[in-house]
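File shown: structure-v3.cif. Contents: mmCIF, C-alpha atoms.
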```cif
data_my_file
loop_
_atom_site.group_PDB
_atom_site.id
_atom_site.type_symbol
_atom_site.label_atom_id
_atom_site.label_comp_id
_atom_site.auth_asym_id
_atom_site.auth_seq_id
_atom_site.Cartn_x
_atom_site.Cartn_y
_atom_site.Cartn_z
ATOM 1 C CA MET A 118 179.989 223.284 -123.196
ATOM 2 C CA ASN A 119 178.627 221.893 -119.971
ATOM 3 C CA LYS A 120 177.523 224.800 -117.760
ATOM 4 C CA ASN A 121 177.506 222.458 -114.763
ATOM 5 C CA LEU A 122 181.285 222.517 -114.935
ATOM 6 C CA LEU A 123 181.217 225.763 -112.978
ATOM 7 C CA ASP A 124 179.416 223.960 -110.148
ATOM 8 C CA ILE A 125 182.705 222.305 -109.337
ATOM 9 C CA LEU A 126 184.289 225.551 -108.279
ATOM 10 C CA SER A 127 181.291 227.138 -106.598
ATOM 11 C CA ASN A 128 180.913 226.362 -102.924
ATOM 12 C CA SER A 129 177.667 224.885 -101.724
ATOM 13 C CA ASN A 130 175.850 227.656 -99.865
ATOM 14 C CA LYS A 131 173.352 225.314 -98.310
ATOM 15 C CA ASP A 132 173.691 224.992 -94.577
ATOM 16 C CA ILE A 133 173.004 221.454 -93.519
ATOM 17 C CA ASP A 134 170.906 221.445 -90.357
ATOM 18 C CA ASN A 135 171.068 218.802 -87.654
ATOM 19 C CA GLN A 136 167.881 217.060 -88.761
ATOM 20 C CA GLN A 137 169.177 216.691 -92.329
ATOM 21 C CA LEU A 138 172.407 215.330 -90.949
ATOM 22 C CA MET A 139 170.582 212.795 -88.768
ATOM 23 C CA ASP A 140 168.475 211.732 -91.748
ATOM 24 C CA TYR A 141 171.575 211.397 -93.892
ATOM 25 C CA LEU A 142 173.263 209.223 -91.294
ATOM 26 C CA SER A 143 170.263 206.968 -90.962
ATOM 27 C CA GLY A 144 169.826 206.716 -94.745
ATOM 28 C CA GLN A 145 166.450 208.477 -94.840
ATOM 29 C CA LEU A 146 167.182 210.961 -97.623
ATOM 30 C CA SER A 147 166.316 210.832 -101.311
ATOM 31 C CA ALA A 148 169.158 210.621 -103.830
ATOM 32 C CA GLU A 149 168.932 214.359 -104.523
ATOM 33 C CA GLN A 150 168.941 215.312 -100.825
ATOM 34 C CA ARG A 151 171.826 212.940 -100.211
ATOM 35 C CA HIS A 152 173.768 214.618 -102.969
ATOM 36 C CA ASP A 153 173.092 218.041 -101.394
ATOM 37 C CA VAL A 154 174.585 216.885 -98.093
ATOM 38 C CA GLU A 155 177.572 215.351 -99.852
ATOM 39 C CA ARG A 156 178.196 218.530 -101.840
ATOM 40 C CA SER A 157 178.316 220.448 -98.592
ATOM 41 C CA MET A 158 180.672 217.814 -97.209
ATOM 42 C CA ALA A 159 182.994 218.210 -100.182
ATOM 43 C CA ASP A 160 183.090 221.968 -99.484
ATOM 44 C CA SER A 161 183.376 221.863 -95.717
ATOM 45 C CA GLU A 162 186.090 219.989 -93.881
ATOM 46 C CA PHE A 163 184.158 220.542 -90.659
ATOM 47 C CA LEU A 164 181.032 218.792 -91.953
ATOM 48 C CA ASN A 165 183.071 216.066 -93.616
ATOM 49 C CA ASP A 166 184.991 215.283 -90.414
ATOM 50 C CA ALA A 167 181.755 215.330 -88.430
ATOM 51 C CA VAL A 168 179.979 212.891 -90.757
ATOM 52 C CA GLU A 169 182.953 210.524 -90.788
ATOM 53 C CA GLY A 170 183.020 210.580 -86.994
ATOM 54 C CA LEU A 171 179.275 210.187 -86.548
ATOM 55 C CA GLN A 172 179.297 207.198 -88.887
ATOM 56 C CA ARG A 173 181.461 205.458 -86.302
ATOM 57 C CA ILE A 174 178.630 205.565 -83.781
ATOM 58 C CA THR A 175 176.871 202.324 -84.587
ATOM 59 C CA ASP A 176 173.585 202.922 -82.804
ATOM 60 C CA LYS A 177 172.208 206.116 -84.289
ATOM 61 C CA LYS A 178 169.468 206.169 -81.652
ATOM 62 C CA ASP A 179 172.146 207.052 -79.088
ATOM 63 C CA LEU A 180 173.042 210.186 -80.991
ATOM 64 C CA GLN A 181 170.065 212.262 -79.905
ATOM 65 C CA ALA A 182 170.526 211.187 -76.276
ATOM 66 C CA TYR A 183 174.215 212.154 -76.407
ATOM 67 C CA VAL A 184 173.397 215.538 -77.922
ATOM 68 C CA GLU A 185 170.757 216.278 -75.287
ATOM 69 C CA GLU A 186 173.078 215.238 -72.474
ATOM 70 C CA LEU A 187 175.886 217.411 -73.848
ATOM 71 C CA ASN A 188 173.559 220.384 -74.272
ATOM 72 C CA ALA A 189 172.309 220.010 -70.693
ATOM 73 C CA GLY A 190 175.922 219.966 -69.444
ATOM 74 C CA MET A 191 176.729 223.034 -71.534
ATOM 75 C CA GLN A 192 173.708 224.940 -70.125
ATOM 76 C CA LYS A 193 174.878 224.049 -66.602
ATOM 77 C CA ASN A 194 178.317 225.461 -67.384
ATOM 78 C CA LEU A 195 176.777 228.642 -68.703
ATOM 79 C CA GLN A 196 174.719 229.009 -65.496
ATOM 80 C CA LYS A 197 177.800 228.462 -63.349
ATOM 81 C CA LYS A 198 179.616 231.129 -65.291
ATOM 82 C CA LYS A 199 176.759 233.563 -64.738
ATOM 83 C CA GLN A 200 176.822 232.949 -60.980
ATOM 84 C CA ARG A 201 180.603 233.323 -60.900
ATOM 85 C CA ARG A 202 180.288 236.629 -62.706
ATOM 86 C CA LEU A 203 177.761 237.884 -60.144
ATOM 87 C CA LYS A 204 180.023 236.865 -57.265
ATOM 88 C CA ARG A 205 182.947 238.631 -58.926
ATOM 89 C CA HIS A 206 180.882 241.782 -59.309
ATOM 90 C CA LEU A 207 180.051 241.678 -55.593
ATOM 91 C CA LYS A 208 183.724 241.251 -54.791
ATOM 92 C CA GLU A 209 184.943 243.957 -57.145
ATOM 93 C CA GLU A 210 182.299 246.590 -56.431
ATOM 94 C CA PRO A 211 181.119 246.104 -52.820
ATOM 95 C CA TRP A 212 180.606 249.860 -52.274
ATOM 96 C CA SER A 213 178.054 250.305 -54.988
ATOM 97 C CA TYR A 214 175.998 247.402 -53.638
ATOM 98 C CA LEU A 215 176.363 248.737 -50.078
ATOM 99 C CA ALA A 216 175.200 252.179 -51.219
ATOM 100 C CA VAL A 217 172.078 250.688 -52.813
ATOM 101 C CA ILE A 218 171.276 248.781 -49.607
ATOM 102 C CA LEU A 219 171.799 251.946 -47.511
ATOM 103 C CA VAL A 220 169.460 253.988 -49.723
ATOM 104 C CA ILE A 221 166.769 251.307 -49.441
ATOM 105 C CA LEU A 222 167.208 251.185 -45.635
ATOM 106 C CA LEU A 223 166.978 254.992 -45.394
ATOM 107 C CA CYS A 224 163.759 254.941 -47.432
ATOM 108 C CA ILE A 225 162.233 252.332 -45.112
ATOM 109 C CA ILE A 226 163.271 254.283 -41.981
ATOM 110 C CA ALA A 227 161.932 257.536 -43.450
ATOM 111 C CA TYR A 228 158.637 255.823 -44.270
ATOM 112 C CA ILE A 229 158.301 254.486 -40.695
ATOM 113 C CA VAL A 230 159.176 257.856 -39.126
ATOM 114 C CA VAL A 231 156.742 259.797 -41.325
ATOM 115 C CA ARG A 232 153.993 257.287 -40.626
ATOM 116 C CA ARG A 233 154.524 257.524 -36.839
ATOM 117 C CA LEU A 234 154.589 261.308 -36.966
ATOM 118 C CA LEU A 235 151.341 261.339 -38.911
ATOM 119 C CA LEU A 236 149.706 258.957 -36.444
ATOM 120 C CA ALA A 237 150.891 261.063 -33.485
ATOM 121 C CA TYR A 238 149.554 264.229 -35.142
ATOM 122 C CA HIS A 239 146.092 262.755 -35.648
ATOM 123 C CA MET B 177 164.242 207.535 -87.032
ATOM 124 C CA PRO B 178 166.312 209.762 -84.718
ATOM 125 C CA SER B 179 165.147 213.348 -84.777
ATOM 126 C CA ALA B 180 166.997 216.506 -83.830
ATOM 127 C CA LYS B 181 165.352 218.967 -81.450
ATOM 128 C CA GLN B 182 163.941 222.051 -83.164
ATOM 129 C CA ASP B 183 166.116 225.138 -82.764
ATOM 130 C CA PRO B 184 163.906 227.898 -81.248
ATOM 131 C CA TYR B 185 166.204 230.546 -82.761
ATOM 132 C CA GLN B 186 166.163 229.009 -86.216
ATOM 133 C CA HIS B 187 165.372 232.358 -87.843
ATOM 134 C CA ILE B 188 168.476 233.992 -86.347
ATOM 135 C CA THR B 189 171.821 233.467 -88.081
ATOM 136 C CA ASP B 190 174.995 232.416 -86.244
ATOM 137 C CA GLN B 191 176.427 235.837 -86.938
ATOM 138 C CA GLU B 192 173.473 237.580 -85.356
ATOM 139 C CA LEU B 193 173.489 235.336 -82.270
ATOM 140 C CA LEU B 194 177.176 236.121 -81.858
ATOM 141 C CA GLU B 195 176.521 239.863 -82.226
ATOM 142 C CA ARG B 196 173.761 239.695 -79.626
ATOM 143 C CA TYR B 197 176.071 237.853 -77.253
ATOM 144 C CA TYR B 198 178.832 240.429 -77.671
ATOM 145 C CA THR B 199 176.321 243.258 -77.150
ATOM 146 C CA ASP B 200 174.605 242.148 -73.930
ATOM 147 C CA ARG B 201 176.735 239.149 -72.836
ATOM 148 C CA ASN B 202 173.558 237.173 -72.301
ATOM 149 C CA ASN B 203 174.475 233.497 -72.151
ATOM 150 C CA GLU B 204 171.165 232.526 -73.712
ATOM 151 C CA TRP B 205 172.551 233.541 -77.120
ATOM 152 C CA LEU B 206 175.747 231.607 -76.569
ATOM 153 C CA GLY B 207 173.780 228.537 -75.464
ATOM 154 C CA ALA B 208 171.639 228.692 -78.598
ATOM 155 C CA LEU B 209 174.691 229.093 -80.801
ATOM 156 C CA LEU B 210 176.636 226.257 -79.193
ATOM 157 C CA SER B 211 173.738 223.827 -79.311
ATOM 158 C CA ARG B 212 173.749 224.160 -83.115
ATOM 159 C CA TYR B 213 177.222 222.664 -83.147
ATOM 160 C CA THR B 214 176.877 219.874 -80.570
ATOM 161 C CA LEU B 215 176.265 217.146 -83.142
ATOM 162 C CA LEU B 216 179.049 218.370 -85.433
ATOM 163 C CA LEU B 217 181.507 218.620 -82.541
ATOM 164 C CA LEU B 218 180.615 215.131 -81.393
ATOM 165 C CA GLY B 219 181.309 213.914 -84.928
ATOM 166 C CA VAL B 220 184.677 215.667 -85.159
ATOM 167 C CA CYS B 221 185.746 214.286 -81.764
ATOM 168 C CA MET B 222 184.610 210.803 -82.787
ATOM 169 C CA LYS B 223 186.600 211.018 -85.994
ATOM 170 C CA TYR B 224 189.848 211.811 -84.212
ATOM 171 C CA LEU B 225 189.449 210.032 -80.874
ATOM 172 C CA ARG B 226 187.356 207.033 -82.002
ATOM 173 C CA GLN B 227 185.907 206.340 -78.544
ATOM 174 C CA GLU B 228 182.363 207.448 -77.742
ATOM 175 C CA GLU B 229 183.057 208.140 -74.065
ATOM 176 C CA GLU B 230 186.189 210.137 -74.809
ATOM 177 C CA ALA B 231 184.501 212.036 -77.602
ATOM 178 C CA ARG B 232 181.628 213.088 -75.330
ATOM 179 C CA ASP B 233 184.037 214.249 -72.617
ATOM 180 C CA SER B 234 185.960 216.199 -75.214
ATOM 181 C CA VAL B 235 182.843 217.984 -76.460
ATOM 182 C CA GLN B 236 182.170 219.138 -72.876
ATOM 183 C CA GLN B 237 185.767 220.340 -72.567
ATOM 184 C CA ILE B 238 185.476 222.189 -75.874
ATOM 185 C CA PHE B 239 182.289 223.872 -74.648
ATOM 186 C CA VAL B 240 184.063 225.003 -71.473
ATOM 187 C CA LYS B 241 186.933 226.341 -73.556
ATOM 188 C CA VAL B 242 184.577 228.231 -75.863
ATOM 189 C CA ILE B 243 182.597 229.670 -72.927
ATOM 190 C CA THR B 244 185.842 230.928 -71.364
ATOM 191 C CA GLU B 245 187.600 232.107 -74.514
ATOM 192 C CA LEU B 246 184.802 233.672 -76.541
ATOM 193 C CA PRO B 247 184.332 236.757 -74.308
ATOM 194 C CA LYS B 248 188.054 237.519 -74.564
ATOM 195 C CA TYR B 249 188.222 238.057 -78.325
ATOM 196 C CA ARG B 250 186.066 239.337 -81.094
ATOM 197 C CA VAL B 251 185.430 236.191 -83.133
ATOM 198 C CA GLU B 252 184.262 236.940 -86.679
ATOM 199 C CA TYR B 253 183.597 233.496 -88.173
ATOM 200 C CA PHE B 254 182.273 231.323 -85.407
ATOM 201 C CA LYS B 255 182.010 228.144 -87.468
ATOM 202 C CA SER B 256 185.674 228.089 -88.546
ATOM 203 C CA TRP B 257 186.774 229.219 -85.100
ATOM 204 C CA ILE B 258 184.970 226.471 -83.203
ATOM 205 C CA TYR B 259 186.157 223.870 -85.728
ATOM 206 C CA THR B 260 189.764 224.954 -85.159
ATOM 207 C CA ILE B 261 189.272 224.798 -81.382
ATOM 208 C CA ALA B 262 187.752 221.306 -81.648
ATOM 209 C CA ARG B 263 190.406 219.932 -83.990
ATOM 210 C CA ASN B 264 193.263 221.358 -81.943
ATOM 211 C CA HIS B 265 191.738 219.931 -78.790
ATOM 212 C CA CYS B 266 191.580 216.448 -80.337
ATOM 213 C CA LEU B 267 195.100 216.675 -81.767
ATOM 214 C CA MET B 268 196.470 217.766 -78.393
ATOM 215 C CA LYS B 269 194.684 214.844 -76.774
ATOM 216 C CA LEU B 270 196.138 212.422 -79.302
ATOM 217 C CA ARG B 271 199.585 213.893 -78.781
ATOM 218 C CA ASP B 272 199.279 213.456 -75.015
ATOM 219 C CA GLN B 273 198.148 209.861 -75.468
ATOM 220 C CA HIS B 274 200.827 208.827 -77.910
ATOM 221 C CA GLY B 275 203.615 211.056 -76.662
ATOM 222 C CA HIS B 276 204.438 212.476 -80.088
ATOM 223 C CA PRO B 277 203.104 215.437 -81.992
ATOM 224 C CA ALA B 278 200.195 214.696 -84.281
ATOM 225 C CA THR B 279 200.714 215.923 -87.800
ATOM 226 C CA LEU B 280 198.173 217.879 -89.726
ATOM 227 C CA SER B 281 197.281 215.888 -92.784
ATOM 228 C CA GLU B 282 196.896 217.513 -96.146
ATOM 229 C CA THR B 283 193.134 217.178 -95.966
ATOM 230 C CA MET B 284 193.023 218.888 -92.578
ATOM 231 C CA LEU B 285 194.734 221.905 -94.055
ATOM 232 C CA ALA B 286 192.470 221.919 -97.063
ATOM 233 C CA ALA B 287 189.773 223.926 -95.301
ATOM 234 C CA TRP B 288 192.059 226.918 -95.194
ATOM 235 C CA ASP B 289 192.711 227.172 -98.910
ATOM 236 C CA GLU B 290 189.008 227.499 -99.752
ATOM 237 C CA GLU B 291 189.420 231.232 -100.273
ATOM 238 C CA GLY B 292 192.619 230.869 -102.280
ATOM 239 C CA GLY B 293 191.177 230.699 -105.738
ATOM 240 C CA LYS B 294 188.454 233.260 -105.350
ATOM 241 C CA GLY B 295 190.528 236.374 -105.828
ATOM 242 C CA ARG B 296 191.153 235.816 -109.477
ATOM 243 C CA HIS B 297 188.481 237.123 -111.700
ATOM 244 C CA VAL B 298 188.105 235.357 -114.999
ATOM 245 C CA GLU B 299 185.175 235.783 -117.383
ATOM 246 C CA LYS B 300 182.608 233.025 -117.205
ATOM 247 C CA ASP B 301 183.167 231.647 -120.711
ATOM 248 C CA GLN B 302 186.902 231.774 -120.341
ATOM 249 C CA GLN B 303 186.531 230.026 -117.030
ATOM 250 C CA LEU B 304 184.433 227.277 -118.593
ATOM 251 C CA ALA B 305 186.990 226.717 -121.317
ATOM 252 C CA LEU B 306 189.770 226.692 -118.752
ATOM 253 C CA MET B 307 187.803 224.266 -116.645
ATOM 254 C CA GLU B 308 187.389 221.839 -119.537
ATOM 255 C CA GLN B 309 191.101 221.897 -120.287
ATOM 256 C CA SER B 310 192.014 221.614 -116.622
ATOM 257 C CA LEU B 311 189.668 218.688 -116.089
ATOM 258 C CA GLU B 312 191.583 216.841 -118.822
ATOM 259 C CA GLU B 313 194.804 217.307 -116.859
ATOM 260 C CA LEU B 314 193.457 215.707 -113.714
ATOM 261 C CA GLY B 315 194.459 212.157 -112.897
ATOM 262 C CA LYS B 316 192.091 209.506 -114.233
ATOM 263 C CA GLU B 317 190.524 208.557 -110.896
ATOM 264 C CA GLN B 318 190.046 212.131 -109.732
ATOM 265 C CA ARG B 319 188.564 213.165 -113.088
ATOM 266 C CA LEU B 320 186.124 210.276 -113.011
ATOM 267 C CA CYS B 321 184.940 210.962 -109.450
ATOM 268 C CA VAL B 322 184.714 214.745 -109.897
ATOM 269 C CA THR B 323 182.703 214.311 -113.106
ATOM 270 C CA LEU B 324 180.302 211.777 -111.611
ATOM 271 C CA PHE B 325 179.818 213.824 -108.452
ATOM 272 C CA TYR B 326 179.501 217.366 -109.764
ATOM 273 C CA LEU B 327 178.224 216.866 -113.284
ATOM 274 C CA GLU B 328 176.079 213.779 -112.917
ATOM 275 C CA LYS B 329 175.150 214.577 -109.319
ATOM 276 C CA ARG B 330 175.689 211.010 -108.162
ATOM 277 C CA SER B 331 176.063 210.176 -104.459
ATOM 278 C CA TYR B 332 179.259 208.859 -102.861
ATOM 279 C CA GLN B 333 177.631 205.445 -102.522
ATOM 280 C CA ASP B 334 176.627 205.322 -106.207
ATOM 281 C CA ILE B 335 180.075 206.349 -107.343
ATOM 282 C CA ALA B 336 181.707 203.766 -105.095
ATOM 283 C CA ALA B 337 179.377 201.086 -106.473
ATOM 284 C CA SER B 338 179.968 201.943 -110.125
ATOM 285 C CA THR B 339 183.729 202.533 -109.960
ATOM 286 C CA GLY B 340 184.747 199.892 -107.452
ATOM 287 C CA PHE B 341 186.506 202.481 -105.232
ATOM 288 C CA THR B 342 185.851 202.471 -101.485
ATOM 289 C CA LEU B 343 183.784 205.323 -100.013
ATOM 290 C CA MET B 344 186.914 206.880 -98.527
ATOM 291 C CA GLN B 345 188.687 206.748 -101.886
ATOM 292 C CA VAL B 346 185.699 208.385 -103.594
ATOM 293 C CA LYS B 347 185.655 211.224 -101.056
ATOM 294 C CA SER B 348 189.349 211.768 -101.263
ATOM 295 C CA HIS B 349 189.351 211.733 -105.107
ATOM 296 C CA ILE B 350 186.579 214.346 -105.102
ATOM 297 C CA GLN B 351 188.225 216.604 -102.534
ATOM 298 C CA ASN B 352 191.723 216.328 -103.954
ATOM 299 C CA GLY B 353 190.363 216.546 -107.487
ATOM 300 C CA LYS B 354 188.584 219.786 -106.719
ATOM 301 C CA ARG B 355 191.658 221.244 -105.085
ATOM 302 C CA ASN B 356 193.938 220.188 -107.938
ATOM 303 C CA LEU B 357 191.478 221.558 -110.454
ATOM 304 C CA LYS B 358 191.677 224.956 -108.784
ATOM 305 C CA LEU B 359 195.461 224.839 -108.837
ATOM 306 C CA ILE B 360 195.595 223.851 -112.505
ATOM 307 C CA MET B 361 193.113 226.598 -113.390
ATOM 308 C CA GLU B 362 195.069 229.200 -111.463
ATOM 309 C CA ARG B 363 198.258 228.129 -113.184
ATOM 310 C CA LYS B 364 196.613 228.289 -116.602
ATOM 311 C CA ALA B 365 195.018 231.677 -115.897
ATOM 312 C CA GLY B 366 198.417 232.941 -114.717
ATOM 313 C CA GLU B 367 200.114 231.687 -117.888
ATOM 314 C CA LYS B 368 197.434 233.278 -120.019
ATOM 315 C CA SER B 369 197.725 236.681 -118.354
ATOM 316 C CA ARG B 370 201.523 236.582 -118.717
ATOM 317 C CA LEU B 371 201.170 235.891 -122.440
ATOM 318 C CA SER B 372 198.638 238.659 -123.101
#
```
What does this structure look like when you write it as structure tokens?
Amino acid sequence: MNKNLLDILSNSNKDIDNQQLMDYLSGQLSAEQRHDVERSMADSEFLNDAVEGLQRITDKKDLQAYVEELNAGMQKNLQKKKQRRLKRHLKEEPWSYLAVILVILLCIIAYIVVRRLLLAYH
Amino acid sequence: MPSAKQDPYQHITDQELLERYYTDRNNEWLGALLSRYTLLLLGVCMKYLRQEEEARDSVQQIFVKVITELPKYRVEYFKSWIYTIARNHCLMKLRDQHGHPATLSETMLAAWDEEGGKGRHVEKDQQLALMEQSLEELGKEQRLCVTLFYLEKRSYQDIAASTGFTLMQVKSHIQNGKRNLKLIMERKAGEKSRLS
């Protein structure tokens, strides 16, 4: 009995990383590595859809440029979100920020007063 | 040869990055997690929308959606979640373009029945025997492709070349064959347990 039969039902646990995927798309993999990627494709609709879509991009050299551009845009969005969150905090909790500023101001004034008093004493 | 940028958080799993993000809400974790999926998302958008420009815009829109939605819920399986978001986004876009609802094809739904057959516990030998019988019940094309792919470990290209099927036919015979095989096995296991 062929033990490999059970392979059909087991899901491929190998995660295909982006480099492997790029190499697969540009035909750089050995037969065994190619089969690994295809096994993962047969198990994952996500990967299968992605490969079918990426195969439509004729110039594979563009792929890396697209990915970098998209990642840069995504990082910008994340930054914007961070700034928005900070602004919201300022809007929602103005008193706590005001209190911190007041305490700092009081410390500075106290420092100046003590320093003047000490100078006058000497 | 195009090369992908090295992931600086390679040693950290998706799950852990997600946990870290939910713990301290630091966008660095979310950025690292999302950048792992950029290429896949671009592929999915290309598959459905077929235009490079539109696909790239859609990936950006999906990112914005994820960045806004992720803090609102506790997502357990990021990969399936982001795939659903991406696919729905593309289907909505297609619907808007063509003015009619896009239908989910059978293969699109297939991802969700992955877990279906796992619950049943059958002994390994019994399972092998069942598998052999079930394989016989598959249609000729599906049986041929499943056997060449899983048992002889041949690539899609090889199988297409030796059988005369197109690449798309090979893929679909393998995917449908695997799904049918599970169904046949479940039916047979069910019949067996009713008899005993």
Give me the chain A side of the contact with chain B, cut-off 6 Å, one line per residue showing its nearest atom pair and distance in Å at one decimal, counting all atoms listed in the file, sorted by chain and residue number, as JSON lines.
```
{"residue": "A:Asn121", "atom": "CA", "partner": "B:Leu327", "partner_atom": "CA", "distance": 5.8}
{"residue": "A:Ile125", "atom": "CA", "partner": "B:Tyr326", "partner_atom": "CA", "distance": 5.9}
{"residue": "A:Gln136", "atom": "CA", "partner": "B:Ala180", "partner_atom": "CA", "distance": 5.0}
{"residue": "A:His152", "atom": "CA", "partner": "B:Ser331", "partner_atom": "CA", "distance": 5.2}
{"residue": "A:Ala159", "atom": "CA", "partner": "B:Gln351", "partner_atom": "CA", "distance": 6.0}
{"residue": "A:Glu162", "atom": "CA", "partner": "B:Ala287", "partner_atom": "CA", "distance": 5.6}
{"residue": "A:Asp166", "atom": "CA", "partner": "B:Val220", "partner_atom": "CA", "distance": 5.3}
{"residue": "A:Ala167", "atom": "CA", "partner": "B:Gly219", "partner_atom": "CA", "distance": 3.8}
{"residue": "A:Gly170", "atom": "CA", "partner": "B:Lys223", "partner_atom": "CA", "distance": 3.7}
{"residue": "A:Leu171", "atom": "CA", "partner": "B:Gly219", "partner_atom": "CA", "distance": 4.5}
{"residue": "A:Lys178", "atom": "CA", "partner": "B:Pro178", "partner_atom": "CA", "distance": 5.7}
```
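Coordinates place CA of Leu209 (chain B) at a distance of 9.3 Å from CA of Gln191 (chain B).
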Distance cut-off 12 Å, centre (172.3, 209.4, -101.7) in file coordinates, counting only C-alpha atoms: which residues qualify? Return them as number ranges by chain.
A: 140-156; B: 325, 329-337
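Here CA of Ile360 (chain B) stands at a distance of 5.9 Å from CA of Ser310 (chain B).
Counting all atoms listed in the file, the residue from B:Leu270, B:Val242, B:Leu359, B:Cys321 that sits nearest to Leu343 (chain B) is B:Cys321.
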Restore N, CA and C atoms in region 348-366 of chain B and list the result as a PDB file, keeping the file's coordinate frame.
```pdb
ATOM      1  N   SER B 348     188.037 211.142-101.130  1.00  0.00           N
ATOM      2  CA  SER B 348     189.349 211.768-101.263  1.00  0.00           C
ATOM      3  C   SER B 348     189.622 212.158-102.718  1.00  0.00           C
ATOM      4  N   HIS B 349     189.170 211.350-103.694  1.00  0.00           N
ATOM      5  CA  HIS B 349     189.351 211.733-105.107  1.00  0.00           C
ATOM      6  C   HIS B 349     188.569 213.007-105.422  1.00  0.00           C
ATOM      7  N   ILE B 350     187.387 213.146-104.833  1.00  0.00           N
ATOM      8  CA  ILE B 350     186.579 214.346-105.102  1.00  0.00           C
ATOM      9  C   ILE B 350     187.248 215.572-104.479  1.00  0.00           C
ATOM     10  N   GLN B 351     187.627 215.453-103.211  1.00  0.00           N
ATOM     11  CA  GLN B 351     188.225 216.604-102.534  1.00  0.00           C
ATOM     12  C   GLN B 351     189.568 216.997-103.142  1.00  0.00           C
ATOM     13  N   ASN B 352     190.415 216.014-103.372  1.00  0.00           N
ATOM     14  CA  ASN B 352     191.723 216.328-103.954  1.00  0.00           C
ATOM     15  C   ASN B 352     191.566 216.781-105.397  1.00  0.00           C
ATOM     16  N   GLY B 353     190.608 216.162-106.096  1.00  0.00           N
ATOM     17  CA  GLY B 353     190.363 216.546-107.487  1.00  0.00           C
ATOM     18  C   GLY B 353     189.946 217.995-107.586  1.00  0.00           C
ATOM     19  N   LYS B 354     189.060 218.398-106.699  1.00  0.00           N
ATOM     20  CA  LYS B 354     188.584 219.786-106.719  1.00  0.00           C
ATOM     21  C   LYS B 354     189.737 220.746-106.424  1.00  0.00           C
ATOM     22  N   ARG B 355     190.540 220.371-105.447  1.00  0.00           N
ATOM     23  CA  ARG B 355     191.658 221.244-105.085  1.00  0.00           C
ATOM     24  C   ARG B 355     192.676 221.329-106.234  1.00  0.00           C
ATOM     25  N   ASN B 356     192.984 220.178-106.824  1.00  0.00           N
ATOM     26  CA  ASN B 356     193.938 220.188-107.938  1.00  0.00           C
ATOM     27  C   ASN B 356     193.404 220.979-109.121  1.00  0.00           C
ATOM     28  N   LEU B 357     192.095 220.843-109.335  1.00  0.00           N
ATOM     29  CA  LEU B 357     191.478 221.558-110.454  1.00  0.00           C
ATOM     30  C   LEU B 357     191.662 223.072-110.296  1.00  0.00           C
ATOM     31  N   LYS B 358     191.491 223.528-109.060  1.00  0.00           N
ATOM     32  CA  LYS B 358     191.677 224.956-108.784  1.00  0.00           C
ATOM     33  C   LYS B 358     193.114 225.363-109.070  1.00  0.00           C
ATOM     34  N   LEU B 359     194.045 224.517-108.640  1.00  0.00           N
ATOM     35  CA  LEU B 359     195.461 224.839-108.837  1.00  0.00           C
ATOM     36  C   LEU B 359     195.803 224.890-110.322  1.00  0.00           C
ATOM     37  N   ILE B 360     195.298 223.888-111.067  1.00  0.00           N
ATOM     38  CA  ILE B 360     195.595 223.851-112.505  1.00  0.00           C
ATOM     39  C   ILE B 360     195.005 225.091-113.177  1.00  0.00           C
ATOM     40  N   MET B 361     193.755 225.430-112.778  1.00  0.00           N
ATOM     41  CA  MET B 361     193.113 226.598-113.390  1.00  0.00           C
ATOM     42  C   MET B 361     193.863 227.878-113.077  1.00  0.00           C
ATOM     43  N   GLU B 362     194.320 227.998-111.839  1.00  0.00           N
ATOM     44  CA  GLU B 362     195.069 229.200-111.463  1.00  0.00           C
ATOM     45  C   GLU B 362     196.363 229.285-112.256  1.00  0.00           C
ATOM     46  N   ARG B 363     197.004 228.141-112.424  1.00  0.00           N
ATOM     47  CA  ARG B 363     198.258 228.129-113.184  1.00  0.00           C
ATOM     48  C   ARG B 363     197.997 228.554-114.622  1.00  0.00           C
ATOM     49  N   LYS B 364     196.930 227.976-115.205  1.00  0.00           N
ATOM     50  CA  LYS B 364     196.613 228.289-116.602  1.00  0.00           C
ATOM     51  C   LYS B 364     196.234 229.750-116.774  1.00  0.00           C
ATOM     52  N   ALA B 365     195.425 230.264-115.811  1.00  0.00           N
ATOM     53  CA  ALA B 365     195.018 231.677-115.897  1.00  0.00           C
ATOM     54  C   ALA B 365     196.233 232.578-115.781  1.00  0.00           C
ATOM     55  N   GLY B 366     197.183 232.179-114.905  1.00  0.00           N
ATOM     56  CA  GLY B 366     198.417 232.941-114.717  1.00  0.00           C
ATOM     57  C   GLY B 366     199.237 232.959-115.998  1.00  0.00           C
TER      58      GLY B 366
END
```
